[in-house]
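Q: So that you have it, the file is work08.cif, and it contains mmCIF, C-alpha atoms and all ligand atoms:
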```
data_data
loop_
_atom_site.label_atom_id
_atom_site.label_comp_id
_atom_site.auth_asym_id
_atom_site.auth_seq_id
_atom_site.Cartn_x
_atom_site.Cartn_y
_atom_site.Cartn_z
CA MET N 1 11.46 -19.56 14.76
CA ALA N 2 12.64 -22.38 12.48
CA THR N 3 9.10 -23.73 12.01
CA ALA N 4 7.35 -20.43 11.22
CA GLY N 5 6.54 -21.46 7.68
CA ILE N 6 5.40 -25.04 8.22
CA GLY N 7 2.31 -25.81 6.18
CA LYS N 8 2.36 -22.46 4.35
CA THR N 9 2.91 -22.06 0.63
CA VAL N 10 4.30 -18.80 -0.70
CA CYS N 11 5.35 -17.53 -4.12
CA VAL N 12 8.63 -15.78 -4.96
CA THR N 13 8.83 -14.10 -8.37
CA GLY N 14 12.19 -14.18 -10.17
CA ALA N 15 13.44 -16.92 -7.82
CA GLY N 16 16.74 -17.29 -9.70
CA GLY N 17 17.82 -13.67 -9.02
CA PHE N 18 20.32 -12.49 -6.41
CA VAL N 19 17.83 -11.13 -3.85
CA ALA N 20 15.06 -13.63 -4.54
CA SER N 21 17.30 -16.69 -4.21
CA SER N 22 18.52 -15.52 -0.81
CA LEU N 23 14.87 -15.21 0.27
CA VAL N 24 14.06 -18.66 -1.17
CA LYS N 25 16.91 -20.11 0.92
CA LEU N 26 15.55 -18.39 4.06
CA LEU N 27 11.96 -19.50 3.40
CA LEU N 28 13.01 -23.13 2.86
CA SER N 29 15.04 -23.05 6.08
CA LYS N 30 11.88 -21.94 7.93
CA GLY N 31 9.77 -24.75 6.51
CA TYR N 32 7.76 -22.83 3.89
CA PHE N 33 6.70 -24.48 0.64
CA VAL N 34 7.93 -22.18 -2.12
CA HIS N 35 6.58 -21.62 -5.62
CA GLY N 36 9.43 -19.89 -7.44
CA THR N 37 8.86 -18.28 -10.82
CA VAL N 38 11.63 -18.41 -13.44
CA ARG N 39 11.62 -17.60 -17.11
CA GLN N 40 13.50 -20.60 -18.45
CA PRO N 41 12.93 -23.67 -16.28
CA GLY N 42 15.48 -26.36 -17.06
CA ASP N 43 18.23 -23.82 -17.67
CA GLU N 44 21.39 -24.69 -15.74
CA LYS N 45 21.45 -21.19 -14.24
CA TYR N 46 18.73 -22.34 -11.79
CA ASP N 47 20.49 -25.59 -10.75
CA PHE N 48 21.75 -23.94 -7.55
CA LEU N 49 18.15 -23.41 -6.41
CA LEU N 50 17.40 -27.12 -6.67
CA LYS N 51 20.46 -27.87 -4.50
CA LEU N 52 19.30 -25.65 -1.59
CA GLU N 53 18.52 -27.49 1.63
CA ARG N 54 14.90 -28.85 1.57
CA ALA N 55 14.50 -27.76 -2.08
CA SER N 56 13.78 -31.29 -3.27
CA GLU N 57 10.66 -31.50 -1.06
CA ASN N 58 9.62 -27.86 -0.65
CA LEU N 59 10.55 -25.91 -3.80
CA LYS N 60 8.59 -25.99 -7.05
CA LEU N 61 9.65 -23.90 -10.02
CA PHE N 62 7.04 -22.41 -12.37
CA LYS N 63 7.69 -20.93 -15.80
CA ALA N 64 6.36 -17.36 -15.70
CA ASP N 65 6.96 -14.08 -17.43
CA LEU N 66 5.88 -10.82 -15.79
CA LEU N 67 4.01 -9.85 -18.95
CA ASN N 68 2.00 -13.08 -18.99
CA TYR N 69 -0.85 -12.96 -16.46
CA GLU N 70 -1.88 -16.61 -16.76
CA SER N 71 1.65 -17.84 -16.10
CA LEU N 72 1.84 -15.74 -12.93
CA TYR N 73 -1.60 -16.83 -11.74
CA SER N 74 -0.60 -20.52 -12.04
CA ALA N 75 2.34 -19.92 -9.69
CA ILE N 76 0.38 -17.74 -7.25
CA VAL N 77 -2.85 -19.70 -6.82
CA GLY N 78 -2.86 -21.61 -3.51
CA CYS N 79 -0.26 -19.31 -1.89
CA SER N 80 -0.70 -17.35 1.35
CA ALA N 81 1.85 -14.75 0.38
CA VAL N 82 3.56 -13.43 -2.73
CA PHE N 83 7.03 -11.93 -2.61
CA HIS N 84 7.26 -9.94 -5.83
CA ILE N 85 10.95 -9.46 -6.54
CA ALA N 86 11.41 -10.04 -10.29
CA SER N 87 12.22 -6.92 -12.29
CA PRO N 88 14.79 -6.04 -14.94
CA VAL N 89 17.88 -4.60 -13.21
CA PRO N 90 20.35 -2.98 -15.63
CA SER N 91 23.88 -2.58 -14.29
CA SER N 92 23.96 1.16 -14.82
CA SER N 93 21.37 3.89 -15.18
CA VAL N 94 20.34 4.19 -18.79
CA PRO N 95 21.50 7.58 -20.03
CA ASN N 96 19.63 7.23 -23.27
CA PRO N 97 16.74 4.97 -24.31
CA GLU N 98 18.92 2.84 -26.53
CA ALA N 99 22.16 3.17 -24.62
CA ARG N 100 24.64 0.33 -24.73
CA ILE N 101 24.92 -0.97 -21.20
CA TYR N 102 25.81 -4.17 -19.48
CA PHE N 103 22.72 -6.09 -18.52
CA ARG N 104 22.63 -8.75 -15.81
CA GLY N 105 26.37 -9.19 -15.96
CA GLN N 106 26.45 -10.29 -19.58
CA LYS N 107 29.92 -10.06 -20.98
CA TYR N 108 29.01 -8.03 -24.06
CA PRO N 109 26.96 -4.84 -24.06
CA CYS N 110 23.44 -5.19 -25.35
CA VAL N 111 20.84 -2.65 -26.30
CA ILE N 112 18.20 -1.98 -23.67
CA ARG N 113 15.12 -0.07 -24.71
CA VAL N 114 12.86 1.81 -22.31
CA VAL N 115 10.17 -0.76 -22.89
CA GLU N 116 12.45 -3.60 -21.74
CA VAL N 117 12.88 -2.03 -18.31
CA VAL N 118 9.65 -0.14 -17.68
CA GLU N 119 7.01 -2.54 -19.03
CA PRO N 120 7.97 -5.67 -17.07
CA ALA N 121 8.45 -3.58 -13.90
CA VAL N 122 5.16 -1.67 -14.10
CA LYS N 123 2.77 -3.89 -16.03
CA GLY N 124 4.42 -6.93 -14.42
CA THR N 125 3.66 -5.59 -10.93
CA THR N 126 0.02 -4.95 -11.86
CA ASN N 127 -0.23 -8.50 -13.21
CA VAL N 128 1.23 -9.93 -9.98
CA LEU N 129 -1.17 -7.86 -7.84
CA GLU N 130 -4.23 -8.76 -9.93
CA ALA N 131 -3.32 -12.46 -9.82
CA SER N 132 -2.78 -12.19 -6.04
CA LEU N 133 -6.18 -10.55 -5.57
CA GLU N 134 -7.89 -13.19 -7.72
CA ALA N 135 -6.08 -15.97 -5.79
CA LYS N 136 -7.07 -14.39 -2.44
CA VAL N 137 -3.49 -14.10 -1.21
CA GLU N 138 -3.14 -12.79 2.39
CA ARG N 139 -0.37 -10.32 1.69
CA VAL N 140 1.98 -9.22 -1.11
CA VAL N 141 5.46 -7.96 -0.28
CA PHE N 142 6.82 -5.95 -3.18
CA VAL N 143 10.55 -5.24 -3.44
CA SER N 144 10.86 -1.69 -4.68
CA SER N 145 14.13 0.25 -4.31
CA LYS N 146 15.78 3.27 -2.76
CA ALA N 147 15.71 4.37 -6.41
CA ALA N 148 11.98 5.03 -5.84
CA VAL N 149 12.71 7.14 -2.76
CA SER N 150 15.54 9.59 -3.27
CA MET N 151 15.92 10.55 -6.94
CA ASN N 152 14.38 13.94 -6.44
CA PRO N 153 16.21 17.27 -6.90
CA LYS N 154 13.61 18.98 -4.69
CA LEU N 155 14.68 17.00 -1.59
CA SER N 156 16.40 19.47 0.71
CA LYS N 157 19.96 18.57 1.74
CA ASP N 158 18.96 18.77 5.42
CA LYS N 159 16.02 16.43 5.07
CA VAL N 160 16.60 12.97 6.54
CA ILE N 161 15.34 10.66 3.79
CA ASP N 162 12.52 8.46 5.07
CA GLU N 163 9.44 6.64 3.78
CA SER N 164 7.61 9.93 3.12
CA CYS N 165 10.08 10.71 0.30
CA TRP N 166 9.45 9.74 -3.31
CA SER N 167 11.61 9.98 -6.40
CA ASP N 168 10.30 12.50 -8.89
CA LYS N 169 9.00 10.50 -11.87
CA GLU N 170 9.23 13.46 -14.24
CA TYR N 171 12.85 14.09 -13.18
CA CYS N 172 13.71 10.39 -13.70
CA ARG N 173 12.11 10.59 -17.14
CA LYS N 174 14.02 13.79 -17.96
CA MET N 175 17.30 12.18 -16.86
CA GLU N 176 16.32 9.09 -18.88
CA ASN N 177 16.97 6.97 -15.80
CA TRP N 178 14.47 4.28 -16.72
CA TYR N 179 15.34 2.03 -13.79
CA CYS N 180 14.46 4.75 -11.22
CA TYR N 181 11.39 5.63 -13.24
CA SER N 182 10.25 2.00 -13.43
CA LYS N 183 10.68 1.33 -9.71
CA THR N 184 8.93 4.58 -8.71
CA GLU N 185 5.98 4.03 -11.02
CA ALA N 186 5.65 0.34 -10.06
CA GLU N 187 5.68 1.09 -6.32
CA LEU N 188 3.22 3.98 -6.64
CA GLN N 189 0.87 1.73 -8.60
CA ALA N 190 1.26 -1.11 -6.08
CA LEU N 191 0.30 1.11 -3.13
CA ASP N 192 -2.57 2.63 -5.12
CA PHE N 193 -3.79 -0.87 -6.06
CA ALA N 194 -3.78 -1.80 -2.36
CA LYS N 195 -5.86 1.27 -1.49
CA ARG N 196 -8.39 0.64 -4.26
CA THR N 197 -8.84 -3.11 -3.77
CA GLY N 198 -8.06 -3.75 -0.09
CA LEU N 199 -5.27 -6.23 -0.98
CA ALA N 200 -2.59 -6.07 1.76
CA VAL N 201 0.60 -4.79 0.12
CA VAL N 202 3.84 -3.91 1.92
CA THR N 203 6.81 -2.49 0.02
CA ILE N 204 10.51 -2.70 0.85
CA CYS N 205 12.95 -0.16 -0.60
CA PRO N 206 16.52 -1.52 -0.40
CA SER N 207 19.67 0.43 -1.14
CA LEU N 208 22.61 -1.24 -2.91
CA VAL N 209 22.50 -4.92 -2.00
CA LEU N 210 25.76 -6.84 -1.43
CA GLY N 211 26.52 -10.12 0.30
CA PRO N 212 27.10 -13.71 -0.75
CA ILE N 213 25.84 -14.82 -4.15
CA LEU N 214 24.38 -18.30 -4.55
CA GLN N 215 24.60 -18.25 -8.37
CA SER N 216 27.63 -19.43 -10.30
CA THR N 217 26.69 -18.60 -13.89
CA VAL N 218 25.48 -14.96 -13.81
CA VAL N 219 26.54 -11.95 -11.74
CA ASN N 220 23.79 -9.49 -10.88
CA ALA N 221 24.21 -5.74 -11.24
CA SER N 222 24.86 -4.81 -7.60
CA SER N 223 27.51 -7.49 -7.07
CA LEU N 224 29.25 -6.08 -10.16
CA VAL N 225 29.69 -2.79 -8.25
CA LEU N 226 31.89 -4.55 -5.68
CA LEU N 227 33.63 -6.75 -8.25
CA LYS N 228 34.55 -3.61 -10.19
CA LEU N 229 36.27 -2.15 -7.09
CA LEU N 230 38.23 -5.38 -6.56
CA LYS N 231 39.34 -5.53 -10.17
CA GLY N 232 40.61 -1.94 -10.08
CA CYS N 233 40.31 0.95 -12.53
CA GLU N 234 42.02 4.26 -13.25
CA SER N 235 39.52 6.58 -11.57
CA LEU N 236 36.13 6.48 -9.92
CA GLU N 237 33.63 8.98 -8.51
CA ASN N 238 33.89 9.13 -4.72
CA LYS N 239 30.13 8.75 -4.29
CA GLN N 240 28.27 8.08 -1.07
CA ARG N 241 26.81 4.57 -1.09
CA TRP N 242 24.17 2.97 1.11
CA ILE N 243 24.64 -0.77 1.51
CA VAL N 244 22.55 -3.63 2.87
CA ASP N 245 23.41 -7.32 3.09
CA VAL N 246 21.26 -9.61 0.95
CA ARG N 247 20.62 -11.88 3.98
CA ASP N 248 19.44 -8.93 6.09
CA LEU N 249 17.23 -7.83 3.20
CA ALA N 250 15.73 -11.34 3.02
CA ASP N 251 14.97 -11.05 6.77
CA ALA N 252 13.26 -7.69 6.19
CA ILE N 253 11.17 -9.06 3.32
CA LEU N 254 10.02 -12.00 5.41
CA MET N 255 9.26 -9.76 8.41
CA ALA N 256 7.06 -7.64 6.16
CA TYR N 257 4.91 -10.75 5.71
CA GLU N 258 5.19 -12.41 9.11
CA LYS N 259 4.64 -9.31 11.24
CA PRO N 260 0.92 -8.47 11.15
CA GLU N 261 1.66 -4.85 12.08
CA ALA N 262 3.85 -4.26 8.98
CA GLU N 263 2.25 -1.66 6.69
CA GLY N 264 3.14 0.74 3.88
CA ARG N 265 6.74 1.18 2.78
CA TYR N 266 10.03 0.40 4.51
CA ILE N 267 13.46 1.72 3.56
CA CYS N 268 16.02 -1.07 4.00
CA THR N 269 19.65 0.00 4.31
CA ALA N 270 22.39 -0.59 6.87
CA HIS N 271 25.62 1.29 6.11
CA SER N 272 26.41 4.63 4.53
CA ILE N 273 29.97 4.97 3.25
CA LYS N 274 31.91 6.85 0.59
CA ILE N 275 33.50 4.74 -2.13
CA GLN N 276 37.07 5.64 -1.18
CA GLU N 277 36.44 4.59 2.44
CA LEU N 278 34.83 1.37 1.22
CA VAL N 279 37.91 0.64 -0.89
CA GLU N 280 40.17 1.25 2.12
CA LYS N 281 38.14 -1.26 4.15
CA LEU N 282 38.45 -3.80 1.33
CA ARG N 283 42.18 -3.14 1.01
CA THR N 284 42.64 -3.89 4.72
CA LEU N 285 40.80 -7.18 4.32
CA TYR N 286 42.23 -8.13 0.90
CA PRO N 287 45.48 -6.17 0.27
CA ASN N 288 46.38 -8.01 -2.95
CA TYR N 289 43.57 -6.89 -5.27
CA SER N 290 44.07 -3.97 -7.70
CA PHE N 291 41.50 -1.31 -6.57
CA PRO N 292 40.81 2.10 -8.19
CA LYS N 293 43.77 4.47 -8.36
CA ASN N 294 42.16 7.95 -8.30
CA TYR N 295 38.90 9.46 -7.08
CA ILE N 296 36.77 12.26 -8.44
CA GLU N 297 35.11 14.16 -5.58
CA VAL N 298 31.32 14.41 -5.71
CA ASP N 299 29.52 16.99 -3.59
CA TYR N 300 26.52 15.07 -2.33
CA TYR N 301 25.70 13.84 1.13
CA ALA N 302 22.39 12.63 2.49
CA ARG N 303 21.09 10.90 5.59
CA VAL N 304 18.68 7.99 5.22
CA SER N 305 16.54 6.67 8.06
CA THR N 306 15.66 3.01 8.62
CA GLU N 307 13.97 3.68 11.94
CA LYS N 308 10.63 2.35 10.69
CA LEU N 309 12.10 -1.04 9.78
CA GLN N 310 14.10 -1.21 13.01
CA ARG N 311 10.90 -0.58 14.98
CA LEU N 312 9.59 -3.76 13.36
CA GLY N 313 12.53 -5.61 14.95
CA TRP N 314 14.93 -5.61 11.98
CA ARG N 315 18.67 -5.81 12.72
CA TYR N 316 21.67 -5.93 10.39
CA ARG N 317 25.16 -7.38 10.37
CA SER N 318 28.48 -5.51 10.14
CA LEU N 319 29.78 -4.20 6.83
CA GLU N 320 32.99 -6.22 7.29
CA GLU N 321 30.99 -9.47 7.45
CA THR N 322 29.09 -8.50 4.30
CA LEU N 323 32.30 -7.67 2.43
CA VAL N 324 34.17 -10.83 3.44
CA ASP N 325 31.22 -13.11 2.65
CA SER N 326 30.68 -11.36 -0.70
CA VAL N 327 34.32 -11.68 -1.76
CA GLU N 328 34.55 -15.32 -0.66
CA SER N 329 31.40 -16.16 -2.64
CA TYR N 330 32.75 -14.45 -5.81
CA LYS N 331 35.97 -16.49 -5.48
CA GLU N 332 34.04 -19.71 -4.96
CA ALA N 333 31.86 -19.01 -8.01
CA GLY N 334 34.95 -18.27 -10.12
CA PHE N 335 34.10 -14.57 -10.73
CA LEU N 336 37.20 -13.38 -8.89
CA GLU N 337 40.76 -14.69 -8.75
CA SER N 338 42.01 -15.73 -5.31
CA LYS N 339 44.72 -13.30 -4.19
N1 LIG E 401 20.51 -5.68 -6.08
C1 LIG E 401 20.27 -4.43 -5.65
O1 LIG E 401 21.21 -3.69 -5.31
C2 LIG E 401 18.86 -3.93 -5.53
C3 LIG E 401 18.66 -2.70 -4.87
C4 LIG E 401 17.36 -2.22 -4.75
C5 LIG E 401 16.30 -2.94 -5.26
N2 LIG E 401 16.53 -4.12 -5.91
C6 LIG E 401 15.38 -4.83 -6.45
O2 LIG E 401 15.47 -6.19 -6.08
C7 LIG E 401 14.92 -7.00 -7.11
C8 LIG E 401 15.90 -8.10 -7.47
O3 LIG E 401 17.13 -7.55 -7.87
P1 LIG E 401 18.42 -8.47 -8.03
O4 LIG E 401 19.58 -7.63 -7.70
O5 LIG E 401 18.22 -9.74 -7.35
O6 LIG E 401 18.44 -8.65 -9.61
P2 LIG E 401 18.69 -9.96 -10.52
O7 LIG E 401 19.62 -10.90 -9.87
O8 LIG E 401 19.05 -9.39 -11.85
O9 LIG E 401 17.26 -10.62 -10.58
C9 LIG E 401 16.22 -10.09 -11.37
C10 LIG E 401 15.21 -11.19 -11.59
O10 LIG E 401 14.12 -10.65 -12.32
C11 LIG E 401 13.69 -11.62 -13.23
N3 LIG E 401 13.04 -10.96 -14.37
C12 LIG E 401 13.47 -9.89 -15.08
N4 LIG E 401 12.60 -9.60 -16.05
C13 LIG E 401 11.59 -10.50 -15.95
C14 LIG E 401 10.40 -10.74 -16.68
N5 LIG E 401 10.04 -9.99 -17.73
N6 LIG E 401 9.61 -11.78 -16.30
C15 LIG E 401 9.94 -12.56 -15.27
N7 LIG E 401 11.06 -12.40 -14.54
C16 LIG E 401 11.87 -11.37 -14.88
C17 LIG E 401 14.91 -12.40 -13.64
O11 LIG E 401 14.47 -13.70 -13.96
P3 LIG E 401 15.27 -14.86 -14.79
O12 LIG E 401 16.52 -15.13 -14.00
O13 LIG E 401 14.35 -16.03 -14.77
O14 LIG E 401 15.55 -14.29 -16.12
C18 LIG E 401 15.76 -12.37 -12.38
O15 LIG E 401 15.53 -13.52 -11.62
C19 LIG E 401 14.54 -6.07 -8.25
O16 LIG E 401 13.16 -5.77 -8.13
C20 LIG E 401 15.38 -4.83 -7.97
O17 LIG E 401 14.77 -3.67 -8.49
C21 LIG E 401 17.79 -4.63 -6.06
#
```
Just give me the structure of the file as structure tokens.
Ligand SMILES: NC(=O)c1ccc[n+]([C@@H]2O[C@H](COP(=O)([O-])OP(=O)(O)OC[C@H]3O[C@@H](n4cnc5c(N)ncnc54)[C@H](OP(=O)(O)O)[C@@H]3O)[C@@H](O)[C@H]2O)c1

A:
Amino acid sequence: MATAGIGKTVCVTGAGGFVASSLVKLLLSKGYFVHGTVRQPGDEKYDFLLKLERASENLKLFKADLLNYESLYSAIVGCSAVFHIASPVPSSSVPNPEARIYFRGQKYPCVIRVVEVVEPAVKGTTNVLEASLEAKVERVVFVSSKAAVSMNPKLSKDKVIDESCWSDKEYCRKMENWYCYSKTEAELQALDFAKRTGLAVVTICPSLVLGPILQSTVVNASSLVLLKLLKGCESLENKQRWIVDVRDLADAILMAYEKPEAEGRYICTAHSIKIQELVEKLRTLYPNYSFPKNYIEVDYYARVSTEKLQRLGWRYRSLEETLVDSVESYKEAGFLESK
């Protein structure tokens, strides 16, 4: 219903990010007033938010850092719901605490320490939840990740992965995969906080998110996965990937607030496909890009269930639509040559 949000004010943390900005667009289209948190208000990287339909009347940006409680409280007070989406998202797992990796699509590698990923994710989530409790928010929807669900060597190959599965924190720590560790710990703490305090918290665990980007100055980590395929490389692991469209994810996040019966965690994914098959689909749609030349076989296959989310009424679009809309948005933003 286009008027579902009329008269309601909600907060979206990290409003300038890939997932959060798609949700902001959806919320504005439904008539919600949105308090969006950003770290550097005034920076041109957020200009696209101010150009969204209804943004001039219904969107207010607040300067907030996840490690600063007061800044979060100022954005949250007066809101019926909080959509907590902000979190550091490195563009590869961190194989070593000071590994050189690409971060948020920056052109040059920078050093990421454990503390830069884990602290904002975990302490930041606690800050958001405490501020939401103090501000008497109706419900918090926390965007976790499939990374908090399936990184667990003890999961049997026959087990269909569902909401009862959790990544093994000690295994993530041992593998020095600080992103998986941070998302697992943050989600566990969020659900524990809900149990202890009575605050309504629903979590959404998306797989790899693709789909159209609204930004034109930074590329987020998951869009880089697709851009890398389109730009070609010598060889690539033929991994299984689970994909969801950013617009379908935004629908799921909003449903987790609007549907009173929503509770606990929800895995959010739409398509399971191996990389080589994904490349073949892309090649059919866009034959002139470079694409990877060779594949290294990886022996891993798992089934993931989204039955719980579908029972809530969630539906998703085709993979072809996601791929075409992603590629067209990269071209429009200037991240990909037209071919
Ligand atoms: N994309 C995926 O494939 C995927 C899959 C599963 C789960 N997720 C989850 O979805 C969420 C959004 O991911 P995304 O892909 O949209 O990433 P993104 O585009 O990199 O956005 C991350 C956002 O987090 C904000 N942020 C980071 N550290 C912060 C801090 N210390 N204080 C305040 N804000 C901070 C950034 O704010 P500024 O722009 O203001 O710096 C940015 O807006 C994350 O929680 C991620 O774990 C994403």

Q: Taking all atoms listed in the file into account, which residues are within 8 Å of ligand LIG 401 (chain E), as JSON, numbers by chain?

A: {"N": [13, 14, 15, 16, 17, 18, 19, 20, 21, 37, 38, 39, 40, 41, 45, 46, 64, 65, 66, 67, 84, 85, 86, 87, 88, 89, 90, 104, 116, 117, 120, 121, 124, 143, 144, 145, 146, 147, 179, 183, 205, 206, 207, 208, 209, 210, 219, 220, 221, 222, 223]}

Q: With C-alpha atoms retained, write the just-selected residues as an mmCIF file, keeping the file's coordinate frame.

A:
```cif
data_model
loop_
_atom_site.group_PDB
_atom_site.id
_atom_site.type_symbol
_atom_site.label_atom_id
_atom_site.label_comp_id
_atom_site.auth_asym_id
_atom_site.auth_seq_id
_atom_site.Cartn_x
_atom_site.Cartn_y
_atom_site.Cartn_z
ATOM 1 C CA THR N 13 8.830 -14.100 -8.370
ATOM 2 C CA GLY N 14 12.190 -14.180 -10.170
ATOM 3 C CA ALA N 15 13.440 -16.920 -7.820
ATOM 4 C CA GLY N 16 16.740 -17.290 -9.700
ATOM 5 C CA GLY N 17 17.820 -13.670 -9.020
ATOM 6 C CA PHE N 18 20.320 -12.490 -6.410
ATOM 7 C CA VAL N 19 17.830 -11.130 -3.850
ATOM 8 C CA ALA N 20 15.060 -13.630 -4.540
ATOM 9 C CA SER N 21 17.300 -16.690 -4.210
ATOM 10 C CA THR N 37 8.860 -18.280 -10.820
ATOM 11 C CA VAL N 38 11.630 -18.410 -13.440
ATOM 12 C CA ARG N 39 11.620 -17.600 -17.110
ATOM 13 C CA GLN N 40 13.500 -20.600 -18.450
ATOM 14 C CA PRO N 41 12.930 -23.670 -16.280
ATOM 15 C CA LYS N 45 21.450 -21.190 -14.240
ATOM 16 C CA TYR N 46 18.730 -22.340 -11.790
ATOM 17 C CA ALA N 64 6.360 -17.360 -15.700
ATOM 18 C CA ASP N 65 6.960 -14.080 -17.430
ATOM 19 C CA LEU N 66 5.880 -10.820 -15.790
ATOM 20 C CA LEU N 67 4.010 -9.850 -18.950
ATOM 21 C CA HIS N 84 7.260 -9.940 -5.830
ATOM 22 C CA ILE N 85 10.950 -9.460 -6.540
ATOM 23 C CA ALA N 86 11.410 -10.040 -10.290
ATOM 24 C CA SER N 87 12.220 -6.920 -12.290
ATOM 25 C CA PRO N 88 14.790 -6.040 -14.940
ATOM 26 C CA VAL N 89 17.880 -4.600 -13.210
ATOM 27 C CA PRO N 90 20.350 -2.980 -15.630
ATOM 28 C CA ARG N 104 22.630 -8.750 -15.810
ATOM 29 C CA GLU N 116 12.450 -3.600 -21.740
ATOM 30 C CA VAL N 117 12.880 -2.030 -18.310
ATOM 31 C CA PRO N 120 7.970 -5.670 -17.070
ATOM 32 C CA ALA N 121 8.450 -3.580 -13.900
ATOM 33 C CA GLY N 124 4.420 -6.930 -14.420
ATOM 34 C CA VAL N 143 10.550 -5.240 -3.440
ATOM 35 C CA SER N 144 10.860 -1.690 -4.680
ATOM 36 C CA SER N 145 14.130 0.250 -4.310
ATOM 37 C CA LYS N 146 15.780 3.270 -2.760
ATOM 38 C CA ALA N 147 15.710 4.370 -6.410
ATOM 39 C CA TYR N 179 15.340 2.030 -13.790
ATOM 40 C CA LYS N 183 10.680 1.330 -9.710
ATOM 41 C CA CYS N 205 12.950 -0.160 -0.600
ATOM 42 C CA PRO N 206 16.520 -1.520 -0.400
ATOM 43 C CA SER N 207 19.670 0.430 -1.140
ATOM 44 C CA LEU N 208 22.610 -1.240 -2.910
ATOM 45 C CA VAL N 209 22.500 -4.920 -2.000
ATOM 46 C CA LEU N 210 25.760 -6.840 -1.430
ATOM 47 C CA VAL N 219 26.540 -11.950 -11.740
ATOM 48 C CA ASN N 220 23.790 -9.490 -10.880
ATOM 49 C CA ALA N 221 24.210 -5.740 -11.240
ATOM 50 C CA SER N 222 24.860 -4.810 -7.600
ATOM 51 C CA SER N 223 27.510 -7.490 -7.070
#
```

Q: Considering all atoms listed in the file, can you say which of N:Ser338, N:Ser318, N:Ser156, N:Thr284 comes closest to N:Tyr300?

A: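 Among N:Ser338, N:Ser318, N:Ser156, N:Thr284, it is N:Ser156 that comes nearest to N:Tyr300.
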
Q: Write out as a VMD selection string which residues come within 6 Å of stretch 265-274 of chain N when counting all atoms listed in the file, dropping same-chain ones fewer than 5 positions away.

A: chain N and resid 202 to 207 239 to 244 306 309

Q: What is the atom CA of N:Leu61 to atom CA of N:Gly36 distance in Å?

A: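 These two atoms are separated by 4.8 Å.
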
Q: Quick one: distance from atom CA of N:Ser71 to atom CA of N:Asp47 in Å, one decimal?

A: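 Pair atom CA of N:Ser71 / atom CA of N:Asp47 returns 21.1 Å.
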
Q: Please, what distance in Å, to one decimal, runs between atom CA of N:Asn177 and atom CA of N:Arg303?

A: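 Going from atom CA of N:Asn177 over to atom CA of N:Arg303, I get 22.1 Å.
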
Q: Nearest residue to N:Asp248 out of N:Ser74, N:Thr322, N:Ser329, N:Ser80, using only C-alpha atoms?

A: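 For N:Asp248, the nearest of the candidates is N:Thr322.
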
Q: So, with only C-alpha atoms as the atoms that count, which of N:Ala250, N:Leu191, N:Leu226, N:Ile296 lies closest to N:Asp325?

A: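 That would be N:Leu226, the residue with the smallest distance to N:Asp325.
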
Q: Excluding same-chain residues fewer than 4 positions from N:Met151, what lies within 9 Å of it counting all atoms listed in the file, as a list in words?

A: Lys146, Ala147, Leu155, Trp166, Ser167, Asp168, Lys169, Tyr171, Cys172 and Cys180 of chain N

Q: Point out the residue among N:Ala200, N:Leu52, N:Val304, N:Leu23 with the least atom-to-atom distance to N:Gly264, counting all atoms listed in the file.

A: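 Of the candidates, the smallest distance to N:Gly264 is held by N:Ala200.
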
Q: Counting all atoms listed in the file, which of N:Lys136, N:Leu214, N:Ser305, N:Ala252 gets nearest to N:Cys165?

A: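 Nearest to N:Cys165: N:Ser305.
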
Q: With only C-alpha atoms as the counted atoms, please give the residues lying no more than 7 Å from N:Leu199, apart from itself and same-chain residues fewer than 5 positions off, as number ranges by chain.

A: N: 133, 139, 194

Q: Quick one: of N:Val82, N:Leu129, N:Val160, N:Leu188, who's nearest to N:Ala148, counting all atoms listed in the file?

A: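 Closest residue, counting all atoms listed in the file: N:Leu188.
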